[in-house]
Amino acid sequence: MAYNAATITQIDPPVADGRVHVVVAFTGNAGEPAMKRETYVDESTDLDEWARQETQRLNQRRVTAAKLSVGQVLDLAPKDEPMIEATAQDVWLEKVQRLARLKAMDLTNQEALAAVDALQADVDASYQQAYVDAI
């Protein structure tokens, strides 16, 4: 069911910088096709650890491949963008911008003026110096 053996099948003479080219064959226990991987090793290489990591990658690819089938219909609909939480500063800046737009309208209706005053009070109450410093 998984790749579980790694065998060195080729070792080439060292290259100019002293590294050695190695070919390793990975085999499994359930008829997996033999896979060859190449690497260069030097005195700092842990070849056993490299082989463990390669085995893990090969096994993960088998899991991924098992999820695919001929005739499978793929979903082409765009993915929803992840929602980004607005920070307190973002909320405050949006209120300031809305307040500026409303004040620029020169409203005269008493209800509208009361709404503008309420928004002004909210902006004032939630103000923090750091919000302005960051602009």
# chains A, B, ... in the order shown; residues from 1 in each chain; ligands from 1
>>> residues_around(residues="segment 101-103 of chain A", least_positions_apart="2", cutoff="12 Å", atoms="only C-alpha atoms", output="list in words")
Glu94, Lys95, Val96, Gln97, Arg98, Leu99, Met105, Asp106, Leu107, Thr108, Ala112, Leu113, Ala114, Ala115, Val116, Asp117, Ala118, Leu119 and Gln120 of chain A
>>> residues_around(residues="segment 12-21 of chain A", least_positions_apart="4", cutoff="6 Å", atoms="only C-alpha atoms", output="PyMOL selection string")
chain A and resi 39-42
>>> write_last_selection(atoms="N, CA and C atoms", output="PDB file, in the first residue's frame")
ATOM      1  N   THR A  39      20.112  12.322  -6.222  1.00  0.00           N
ATOM      2  CA  THR A  39      20.534  13.382  -5.320  1.00  0.00           C
ATOM      3  C   THR A  39      22.052  13.452  -5.323  1.00  0.00           C
ATOM      4  N   TYR A  40      22.563  14.546  -4.838  1.00  0.00           N
ATOM      5  CA  TYR A  40      23.999  14.690  -4.616  1.00  0.00           C
ATOM      6  C   TYR A  40      24.216  14.712  -3.116  1.00  0.00           C
ATOM      7  N   VAL A  41      25.179  13.952  -2.658  1.00  0.00           N
ATOM      8  CA  VAL A  41      25.471  13.897  -1.229  1.00  0.00           C
ATOM      9  C   VAL A  41      26.874  14.391  -0.951  1.00  0.00           C
ATOM     10  N   ASP A  42      27.012  14.980   0.227  1.00  0.00           N
ATOM     11  CA  ASP A  42      28.338  15.388   0.701  1.00  0.00           C
ATOM     12  C   ASP A  42      28.417  15.040   2.180  1.00  0.00           C
TER      13      ASP A  42
END
>>> atom_distance(atom1="atom CA of Gly31 of chain A", atom2="atom CA of Asn59 of chain A")
12.9 Å
>>> residues_around(residues="Ala6 of chain A", least_positions_apart="6", cutoff="7 Å", atoms="only C-alpha atoms", output="ChimeraX atom specification")
/A:24-27,51
>>> atom_distance(atom1="atom CA of Ala5 of chain A", atom2="atom CA of Glu43 of chain A")
23.2 Å
>>> closest_residue(among="A:Ala134, A:Ala104, A:Met35, A:Leu74", to="Thr7 of chain A", atoms="only C-alpha atoms")
A:Met35
>>> select_by_dssp(residues="chain A", states="alpha helix (DSSP H)", output="ChimeraX atom specification")
/A:47-66,88-104,110-125,129-133
>>> write_last_selection(atoms="C-alpha atoms", output="PDB file, in the first residue's frame")
ATOM      1  CA  LEU A  47      21.008  10.109   3.117  1.00  0.00           C
ATOM      2  CA  ASP A  48      18.641   8.132   5.351  1.00  0.00           C
ATOM      3  CA  GLU A  49      16.666  11.297   6.186  1.00  0.00           C
ATOM      4  CA  TRP A  50      16.562  12.283   2.515  1.00  0.00           C
ATOM      5  CA  ALA A  51      15.204   8.811   1.673  1.00  0.00           C
ATOM      6  CA  ARG A  52      12.533   9.086   4.393  1.00  0.00           C
ATOM      7  CA  GLN A  53      11.422  12.457   3.017  1.00  0.00           C
ATOM      8  CA  GLU A  54      11.357  11.153  -0.567  1.00  0.00           C
ATOM      9  CA  THR A  55       9.323   8.134   0.560  1.00  0.00           C
ATOM     10  CA  GLN A  56       6.861  10.442   2.276  1.00  0.00           C
ATOM     11  CA  ARG A  57       6.534  12.565  -0.910  1.00  0.00           C
ATOM     12  CA  LEU A  58       6.035   9.481  -3.073  1.00  0.00           C
ATOM     13  CA  ASN A  59       3.359   8.118  -0.747  1.00  0.00           C
ATOM     14  CA  GLN A  60       1.581  11.482  -0.633  1.00  0.00           C
ATOM     15  CA  ARG A  61       1.542  11.585  -4.432  1.00  0.00           C
ATOM     16  CA  ARG A  62      -0.076   8.150  -4.443  1.00  0.00           C
ATOM     17  CA  VAL A  63      -2.821   9.480  -2.169  1.00  0.00           C
ATOM     18  CA  THR A  64      -3.311  12.472  -4.457  1.00  0.00           C
ATOM     19  CA  ALA A  65      -3.370  10.290  -7.579  1.00  0.00           C
ATOM     20  CA  ALA A  66      -5.965   8.018  -5.980  1.00  0.00           C
ATOM     21  CA  ALA A  88     -10.826  48.528  14.625  1.00  0.00           C
ATOM     22  CA  GLN A  89      -8.772  51.048  12.666  1.00  0.00           C
ATOM     23  CA  ASP A  90     -10.395  49.943   9.384  1.00  0.00           C
ATOM     24  CA  VAL A  91     -13.871  50.411  10.886  1.00  0.00           C
ATOM     25  CA  TRP A  92     -12.950  53.817  12.274  1.00  0.00           C
ATOM     26  CA  LEU A  93     -11.477  55.003   8.959  1.00  0.00           C
ATOM     27  CA  GLU A  94     -14.608  53.878   7.088  1.00  0.00           C
ATOM     28  CA  LYS A  95     -16.746  55.916   9.526  1.00  0.00           C
ATOM     29  CA  VAL A  96     -14.494  58.955   9.023  1.00  0.00           C
ATOM     30  CA  GLN A  97     -14.816  58.645   5.237  1.00  0.00           C
ATOM     31  CA  ARG A  98     -18.604  58.284   5.477  1.00  0.00           C
ATOM     32  CA  LEU A  99     -18.768  61.298   7.800  1.00  0.00           C
ATOM     33  CA  ALA A 100     -16.682  63.384   5.370  1.00  0.00           C
ATOM     34  CA  ARG A 101     -18.977  62.439   2.463  1.00  0.00           C
ATOM     35  CA  LEU A 102     -22.090  63.330   4.467  1.00  0.00           C
ATOM     36  CA  LYS A 103     -20.662  66.682   5.598  1.00  0.00           C
ATOM     37  CA  ALA A 104     -19.743  67.520   1.995  1.00  0.00           C
ATOM     38  CA  GLN A 110     -33.007  67.845  10.733  1.00  0.00           C
ATOM     39  CA  GLU A 111     -33.097  64.021  10.766  1.00  0.00           C
ATOM     40  CA  ALA A 112     -30.108  63.852   8.437  1.00  0.00           C
ATOM     41  CA  LEU A 113     -28.236  66.400  10.554  1.00  0.00           C
ATOM     42  CA  ALA A 114     -28.989  64.338  13.663  1.00  0.00           C
ATOM     43  CA  ALA A 115     -27.571  61.244  11.910  1.00  0.00           C
ATOM     44  CA  VAL A 116     -24.431  63.196  10.967  1.00  0.00           C
ATOM     45  CA  ASP A 117     -24.070  64.404  14.572  1.00  0.00           C
ATOM     46  CA  ALA A 118     -24.473  60.837  15.859  1.00  0.00           C
ATOM     47  CA  LEU A 119     -21.820  59.587  13.425  1.00  0.00           C
ATOM     48  CA  GLN A 120     -19.512  62.457  14.472  1.00  0.00           C
ATOM     49  CA  ALA A 121     -19.987  61.455  18.118  1.00  0.00           C
ATOM     50  CA  ASP A 122     -19.193  57.818  17.269  1.00  0.00           C
ATOM     51  CA  VAL A 123     -16.032  58.814  15.363  1.00  0.00           C
ATOM     52  CA  ASP A 124     -14.930  61.011  18.268  1.00  0.00           C
ATOM     53  CA  ALA A 125     -15.660  58.331  20.869  1.00  0.00           C
ATOM     54  CA  GLN A 129      -4.101  58.498  18.205  1.00  0.00           C
ATOM     55  CA  ALA A 130      -2.529  55.378  16.631  1.00  0.00           C
ATOM     56  CA  TYR A 131      -5.216  55.424  13.920  1.00  0.00           C
ATOM     57  CA  VAL A 132      -4.064  58.839  12.713  1.00  0.00           C
ATOM     58  CA  ASP A 133      -0.371  58.086  13.177  1.00  0.00           C
TER      59      ASP A 133
END
>>> select_by_dssp(residues="segment 10-72 of chain A", states="strand (DSSP E or B)", output="ChimeraX atom specification")
/A:10-11,20-28,35-41
>>> write_last_selection(atoms="C-alpha atoms", output="compact mmCIF listing (two decimals), in the first residue's frame")
# COMPACT_ATOMS: atom_id res chain seq x y z
CA GLN A 10 24.05 3.90 -8.67
CA ILE A 11 26.96 5.88 -7.27
CA VAL A 20 28.71 12.34 -5.03
CA HIS A 21 25.81 11.70 -7.39
CA VAL A 22 23.58 8.90 -6.07
CA VAL A 23 20.55 7.20 -7.63
CA VAL A 24 18.08 5.53 -5.29
CA ALA A 25 15.24 3.19 -6.26
CA PHE A 26 12.08 3.30 -4.13
CA THR A 27 9.79 0.28 -4.10
CA GLY A 28 6.56 -0.53 -2.35
CA MET A 35 10.60 5.08 -8.72
CA LYS A 36 14.14 6.36 -9.13
CA ARG A 37 15.29 9.57 -7.51
CA GLU A 38 18.67 11.26 -7.80
CA THR A 39 20.53 13.38 -5.32
CA TYR A 40 24.00 14.69 -4.62
CA VAL A 41 25.47 13.90 -1.23
>>> atom_distance(atom1="atom CA of Gln72 of chain A", atom2="atom CA of Ala2 of chain A")
24.4 Å
